[in-house]
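Asker: Quick one: the structure is below, and I'll ask about it shortly.
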Amino acid sequence: MKKYIFLLVLATQSVSAQYTDINIVKEVKVKNKGVVVSAHPLASEAGAKVMKMGGNAYDAIVATQYALAVVYPQAGNIGGGGFLVGVKNNGEKFTIDYRETAPRKASRDMYLDKNGKANTDLSQNGRLAVGIPGSIAGSYATLKYCKLPMEKIIQPAIDLAEKGFAITDLEANMLNSQREKFQKHNQSPIIFVKDAPWKGGDILVQKDLAETLKLIQKQGAKGFYEGKTAALLVAEMKRGNGIITLEDLKNYKVAERKALEFEYKGNNVVSMPLPSSGGLLLAQMLRMASFENLEKYQQNSKEAVQIMVEAERRAFADRAEYMGDPDFIQDKTSYLISDEYLKSRWKSFSFNKATPSAEVGNIIKQPNESTQTTHISVLDKDGNAASVTTTLNGYYGSKVLVNGAGFFLNNEMDDFSIKPGVPNMFGAVGGEANAIQPNKRMLSSMTPTILLKNGKPYMVVGTPGGTTIPTSVYQSIVDVVDFKLNANMTVNAPKFHHQWLPETVSYEKNFPENVIKDLEKLGYKPERIDHIGKTEVITIDENGTIHAVADGRGDDSVAVE
C-alpha cells in the first residue's frame with residue numbers, strides 16, 4: 001500500500017490555492033482529542049478542522065460527508081443517501097435514516113421486460129436507476145446536534161471543490177476504469193473525462209459542484225430540493241428515462257428512528273434498524289456465534305471462521321425473507337433476534353460439515369458483483385460519537401452526472417428486489433418484503449455501529465462493501481470483544497465473507513491458506529477476492545486512550561483535532 005508521508009498544508013483563502021500536499025495517516029493514539037477516520041485524508045482533515053473551530057462530533061461528521069462528495073466522488077456524495085448512528089456524551093442515542101426513496105412513478109415491475117425477465121442494466125445504470133437522494137436532508141437533520149452553523153460546516157468542501165485538489169493514484173485509476181461508462185451515460189462532456197488518462201497528482205477542480213454547495217450553504221436544504229439544483233436534476237432525468245420529479249424532491253423526508261440496541265458480552269451494541277439490514281444481521285450473527293463460545297478460539301482459525309460463516313448463512317437467509325422498509329412491512333426484528341428463534345436456527349450447526357444453504361432457504365443462482373460505499377467514524381474530545389455510512393450504491397452510482405450541478409446520482413433502485421428471487425449487483429437475493437413501491441426505502445446493508453461499555457463509547461466502527469458490510473463489522477466486533485485484538489489488528493487482518501447465496505465463502509487473497517483448505521474439506525467452497533471493505537475503527541480503552549485506525553486497503557486516513 002502506497003503511503004504519502006507529507007505534511008498536510010491546508011490551502012489559504014486565496015482562490016488560486018490548491019490542495020496538493022496529502023498526508024495519509026493510518027493510525028493514531030491520543031487522549032482528550034477529537035478524531036475522524038474516513039476514506040480520504042482531505043475529508044478527514046475537513047472534519048478535524050471544524051472540531052478545531054469549536055464543533056463537536058456531529059459537526060465533524062457533516063463536514064466530512066460534504067468533503068467526501070468532492071474528494072471521493074466514487075462514493076462520497078450529495079446525490080445518494082445514508083445512515084447515521086449517534087451516541088451523545090449524556091447517553092442519548094439516536095439514528096438518522098436518510099436512505100433514498102423510490103420516486104412516485106416507481107412500480108413493482110418497472111425493470112421487467114415484456115417476457116417478465118429482470119433487466120438489471122436498467123436498475124444499475126442510467127437515469128431510471130436513481131432513487132430520490134437523501135444526503136442533503138440528512139445533513140440538515142444532523143444539524144440540531146451540531147454546534148456550528150451549516151455555513152461554516154460546509155465551507156471546507158466548497159474550498160476543495162472551487163480551488164481543486166490533487167487526486168491520488170487510486171482515484172486516478174478508478175476514474176480511468178469508468179471512462180467508457182461516463183461517456184455512455186452522459187450526453188454532455190463531464191469533467192471526469194479528459195483527453196489523456198488521469199494520473200496521481202492531477203488537479204481536479206469542480207466549479208459546478210462548488211456552486212451547488214454554495215446554494216445549499218445559502219438556502220439550506222431548499223437549495224438542493226427546490227430551485228435551481230432541483231430543476232437541473234429533473235432536467236437530467238428528462239434526458240433519458242428517469243422518473244424523479246420536482247414534487248418527489250420537494251417531498252423527501254428523513255426518518256429519525258429508535259436505534260437497534262442489544263447486549264453482547266457486557267457491551268451495549270447500538271446500530272441501525274430497518275431499512276438497514278445491517279444492525280439486525282449483526283445482532284443475529286453475534287448472538288448465534290455466542291452459542292459456541294467464540295472466545296475459546298483465535299482470529300481466523302478454522303473453528304472461528306466456521307462458526308461465523310454459519311451464523312452469516314442463517315442471518316442472510318432471513319434477510320431475503322423478512323427484511324425491508326419498516327414503514328411498508330411488518331417489522332419482525334424483535335422475533336428475529338430473540339434467543340428462542342436464534343437457538344432454533346442454530347440447531348442444525350455442526351463442526352463436522354458445512355450446512356447446505358438449501359436447508360435455510362431456497363437456492364437461486366446469483367452473480368458476483370462489485371461493491372462500493374464509504375464510512376466515517378468520529379469521536380470528539382467530549383465523548384460524543386458518530387458512525388455514518390453513506391453511498392451512491394455502485395462506483396459513481398448510476399454514472400450520471402447532473403449537468404450544470406456537478407454531482408453524481410445514485411443507482412440505489414437496484415437495492416430493491418427488482419424481481420423477487422433475482423439478485424442485485426451485490427448478489428443479494430430479495431423477496432416480497434423488499435419489492436418496489438412508490439416512496440419506499442430500499443433495503444440496505446450499511447451497518448454504522450457504536451459499542452458502549454459502562455455507558456461510554458468503547459468502539460466506533462463501520463465499512464463500505466455492499467453485502468460484505470455487516471459481516472466485516474461483525475468480524476471487527478468479534479476481534480475486539482472476543483479475541484481482545486487492538487484496532488490495527490482488527491482493521492488490517494485478512495477478512496472473509498458469506499451471505500447464504502451464492503454458496504461460497506469469499507476470502508481475501510492473504511487469508512491463511514491452511515484454514516481455507518481445512519474448511520474446504522468440510523464442504524466450504526472458497527472464492528478468493530482482492531479485498532473486502534475498508535473498515536474505519538476507533539476504540540477507547542479504560543484509561544481514555546483513543547486508538548483510531550484507517551483501513552490499509554485504500555487512501556483512508558485519520559485526522560486529529
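By order of appearance in the C-alpha cells: chains A, B, ..., then residues from 1 within every chain, and ligands from 1 in the order shown.
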So which residues touch Glu45 (chain A) within 8 Å, counting only C-alpha atoms, skipping near sequence neighbours fewer than 4 positions away, as JSON, numbers by chain?
Answerer: {"A": [36, 41, 49, 64, 559, 560]}
Asker: Got a sec: who's within 12 Å of Lys238 (chain A), counting only C-alpha atoms, leaving out chain neighbours fewer than 4 positions off, as a PyMOL selection string?
Answerer: chain A and resi 126-128+187+231-234+242-246+402-403
Asker: For a test of reading the model, state the distance in Å between CA of Asn89 (chain A) and CA of Ile477 (chain A), rounded to one decimal.
Answerer: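 Distance reported for this atom pair: 21.4 Å.
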Asker: One decimal, Å: what's the distance from CA of Met174 (chain A) over to CA of Asn492 (chain A), could you say?
Answerer: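 Interatomic distance, CA of Met174 (chain A) to CA of Asn492 (chain A): 22.1 Å.
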Asker: From a DSSP calculation on the backbone, collect every residue of region 43-214 of chain A in strand (DSSP E or B) and output the set as a PyMOL selection string.
Answerer: chain A and resi 81-87+93-98+101+112+118+132+165-166+203-204
Asker: For region 470-473 of chain A, list every protein, DNA or RNA residue within 7 Å, evaluated using only C-alpha atoms, and leave out those in the same chain fewer than 4 positions away; present the list as a list in words.
Answerer: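 Using only C-alpha atoms, the neighbours found are Gly278, Leu281, Leu282, Ser445, Met446, Thr447, Val461, Gly462, Ile477 and His497 of chain A.
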Asker: Store the residues of this selection in a file with N, CA and C atoms, as a short mmCIF file (atom, residue, chain, number, x, y, z; two decimals), in the first residue's frame.
Answerer:
data_model
loop_
_atom_site.label_atom_id
_atom_site.label_comp_id
_atom_site.auth_asym_id
_atom_site.auth_seq_id
_atom_site.Cartn_x
_atom_site.Cartn_y
_atom_site.Cartn_z
N GLY A 278 -28.36 -4.22 8.27
CA GLY A 278 -27.08 -4.39 8.93
C GLY A 278 -27.17 -4.63 10.42
N LEU A 281 -28.86 -8.03 11.14
CA LEU A 281 -27.94 -9.12 10.82
C LEU A 281 -26.84 -9.22 11.88
N LEU A 282 -26.33 -8.07 12.29
CA LEU A 282 -25.27 -8.04 13.29
C LEU A 282 -25.73 -8.69 14.59
N SER A 445 -27.53 -2.70 3.35
CA SER A 445 -26.61 -3.49 4.18
C SER A 445 -25.74 -2.61 5.07
N MET A 446 -25.86 -1.30 4.95
CA MET A 446 -24.99 -0.40 5.70
C MET A 446 -25.18 -0.59 7.21
N THR A 447 -24.05 -0.62 7.94
CA THR A 447 -24.08 -1.02 9.35
C THR A 447 -23.25 -0.08 10.23
N VAL A 461 -17.40 1.89 14.69
CA VAL A 461 -16.98 1.03 13.59
C VAL A 461 -17.96 1.09 12.42
N GLY A 462 -17.44 0.87 11.24
CA GLY A 462 -18.25 0.77 10.02
C GLY A 462 -17.34 0.57 8.84
N ILE A 477 -16.08 -6.56 15.53
CA ILE A 477 -16.54 -6.61 16.92
C ILE A 477 -16.04 -7.88 17.61
N HIS A 497 -16.06 -13.63 4.00
CA HIS A 497 -17.46 -13.23 3.86
C HIS A 497 -18.29 -14.38 3.31
#
Asker: Which residues are near Tyr58 (chain A)? Cut-off 7 Å, only C-alpha atoms, ignore same chain within fewer than 5 positions. Put them as number ranges by chain.
Answerer: A: 142, 145-146, 386
Asker: Could you pull the residues within 8 Å of Ala428 (chain A), counting only C-alpha atoms, minus those fewer than 2 positions along the same chain, as a PyMOL selection string?
Answerer: chain A and resi 320+366+423-426+430+467+499+501
Asker: For Glu561 (chain A), work out the shell of residues within 8 Å, counting only C-alpha atoms and skipping chain neighbours fewer than 3 positions away, then give it as a ChimeraX atom specification.
Answerer: /A:33-35,48-49,51-52
Asker: Would you mind writing down, as an NGL selection string, each residue of region 133-278 of chain A that DSSP on the backbone assigns to helix (DSSP H, G or I)?
Answerer: :A and (135-145 or 150-153 or 155-163 or 169-177 or 179-185 or 207-219 or 222-225 or 227-238 or 246-250 or 278)
Asker: Nearest to Ser377 (chain A) among A:Thr333, A:Ser338, A:Ser44, A:Ser135, with distances taken over only C-alpha atoms: which residue is it?
Answerer: A:Ser44
Asker: Find the residues around region 513-530 of chain A up to 9 Å (only C-alpha atoms counted), leave out those fewer than 5 positions away in its own chain, and share them as a VMD selection string.
Answerer: chain A and resid 300 to 303 305 to 306 351 to 356 503 to 508
Asker: Just to confirm, what's the straight-line distance from CA of Ala106 (chain A) to CA of Pro438 (chain A) in Å (one decimal)?
Answerer: 5.3 Å
Asker: Return the single residue from A:Arg319, A:Lys31, A:Lys440, A:Lys253 that is closest to Leu280 (chain A), with distances computed using only C-alpha atoms.
Answerer: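 The shortest atom-to-atom distance to Leu280 (chain A) comes from A:Arg319.
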Asker: With only C-alpha atoms as the basis for distance, which of A:Gln217, A:His375, A:Gln330, A:Gly406 is at the shortest distance from Ile61 (chain A)?
Answerer: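 Among the listed residues, A:His375 lies closest to Ile61 (chain A).
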